[in-house]
Amino acid sequence: MFLYTIGFLTVLLLLVNFHICTSEVTQSCAVTGSCSSTKPSASTPVNANKMQTYKLLQKWQKSPNSWMLRFSLPLGQTYLHPDPMMPTCISVQYNNGTDEISGNPKPLKKSYSPISHPNTKHTVDLLVKAYPPRNGGGVGAYLCSLNVGESIQSKLKPPRLMHGSPYVSNHRWDEVGLVAAGTGVAPLLQIVRILLDPKEDSKTRVKLLCIHRYEEDILMKEEIDALAKEHEGRFMVTYSLTGGEQHWTGLTGRGSVEMARKALPPPSSLHNNIHENDADMDEKKGDAAKTMILVCGPDGFVDTWAGPVGRAPPKADGTKGAKIQGPLLGILKEAGYDASEVFKY
């Protein structure tokens, strides 16, 4: 009788633990819209949101003043973020910087979105441009001057909410258009890798528009073209140059409504009419098709395409306030897109 009672209690405890675990997972799915674990993996340090050491393993020059840098993740960390499908961004600290106004010594921080997929194990790749020295700048030049074996101090930034959610996967949109200038291609290339992940049961189509001055300035072109070839029909890329190269046969100019209509998916309001005979969209008939356009580049470029990004008041420590999307203006507004289908990345 005693053994029977012990056995019954053991089974009861197991059932209670199972109920608690499944309840946690269900609650996580309801909150995030994704059933990937919201808890850090066992290999993720508790202090992942604090400054940690990243060691430079390899570097490749990608343009006259830009480099691709591969760093090892902090010791014991498998992924950059606990959720390997979450778009990521890190903040790099540069201790030998100068204040933008006074020119006095001041530690600086700059954010970089990796170009590698978040599910890459043990390493992270950055695309960095070495801008000319100036007060309040120099982080890019510092990173590009690193020798293999040297280390940086960096921390993972909080997820970026795009119209309420940080996720881009799980067929959130039918078509995604990406507009990039310069190193603005970096975070958008990470988005491309996530959307084209073979583990994703998605038919989301992706169109990338890259705008640069000269052909030699086109960043990550070899890698982007390889992705377009591998995912023909789902991922298309268009390049435009602004420097007036005579031999160039592609698009030219910084942007226009005509360019948007050629290189990007149409606004949601026009989507169904354009794809009404598309076999891939048959299963979506009767549903409202969804388009999302992400724009990333220098401030003036973003202004031209989608209107300026605002800023909240400075934080207590003197750092910049959070970005505010502001109203949709510029080329995308003129091309018929709604503010709900544009995000200034």
# chains A, B, ... in the order shown; residues from 1 in each chain; ligands from 1

call {"tool": "residues_around", "arguments": {"residues": "Leu241 in chain A", "least_positions_apart": "3", "cutoff": "9 Å", "atoms": "only C-alpha atoms", "output": "number ranges by chain"}}
result
A: 210-215, 218, 244-245, 248, 250-254

call {"tool": "residues_around", "arguments": {"residues": "range 318-322 of chain A", "least_positions_apart": "4", "cutoff": "12 Å", "atoms": "only C-alpha atoms", "output": "MDAnalysis selection string"}}
result
chainID A and resid 99 107:111 158 160:161 309:314

call {"tool": "closest_residue", "arguments": {"among": "A:Asp197, A:Phe235, A:Gly138, A:Gln58", "to": "His171 in chain A", "atoms": "only C-alpha atoms"}}
result
A:Asp197

call {"tool": "closest_atom_pairs", "arguments": {"of": "range 160-265 of chain A", "to": "range 59-79 of chain A", "cutoff": "8 Å", "atoms": "only C-alpha atoms", "output": "Markdown table"}}
result
| residue | atom | partner | partner_atom | distance |
| --- | --- | --- | --- | --- |
| A:Glu216 | CA | A:Ser63 | CA | 6.4 |
| A:Asp217 | CA | A:Ser63 | CA | 5.7 |
| A:Ile218 | CA | A:Ser63 | CA | 7.5 |
| A:Leu219 | CA | A:Lys62 | CA | 6.3 |
| A:Met220 | CA | A:Lys62 | CA | 6.8 |
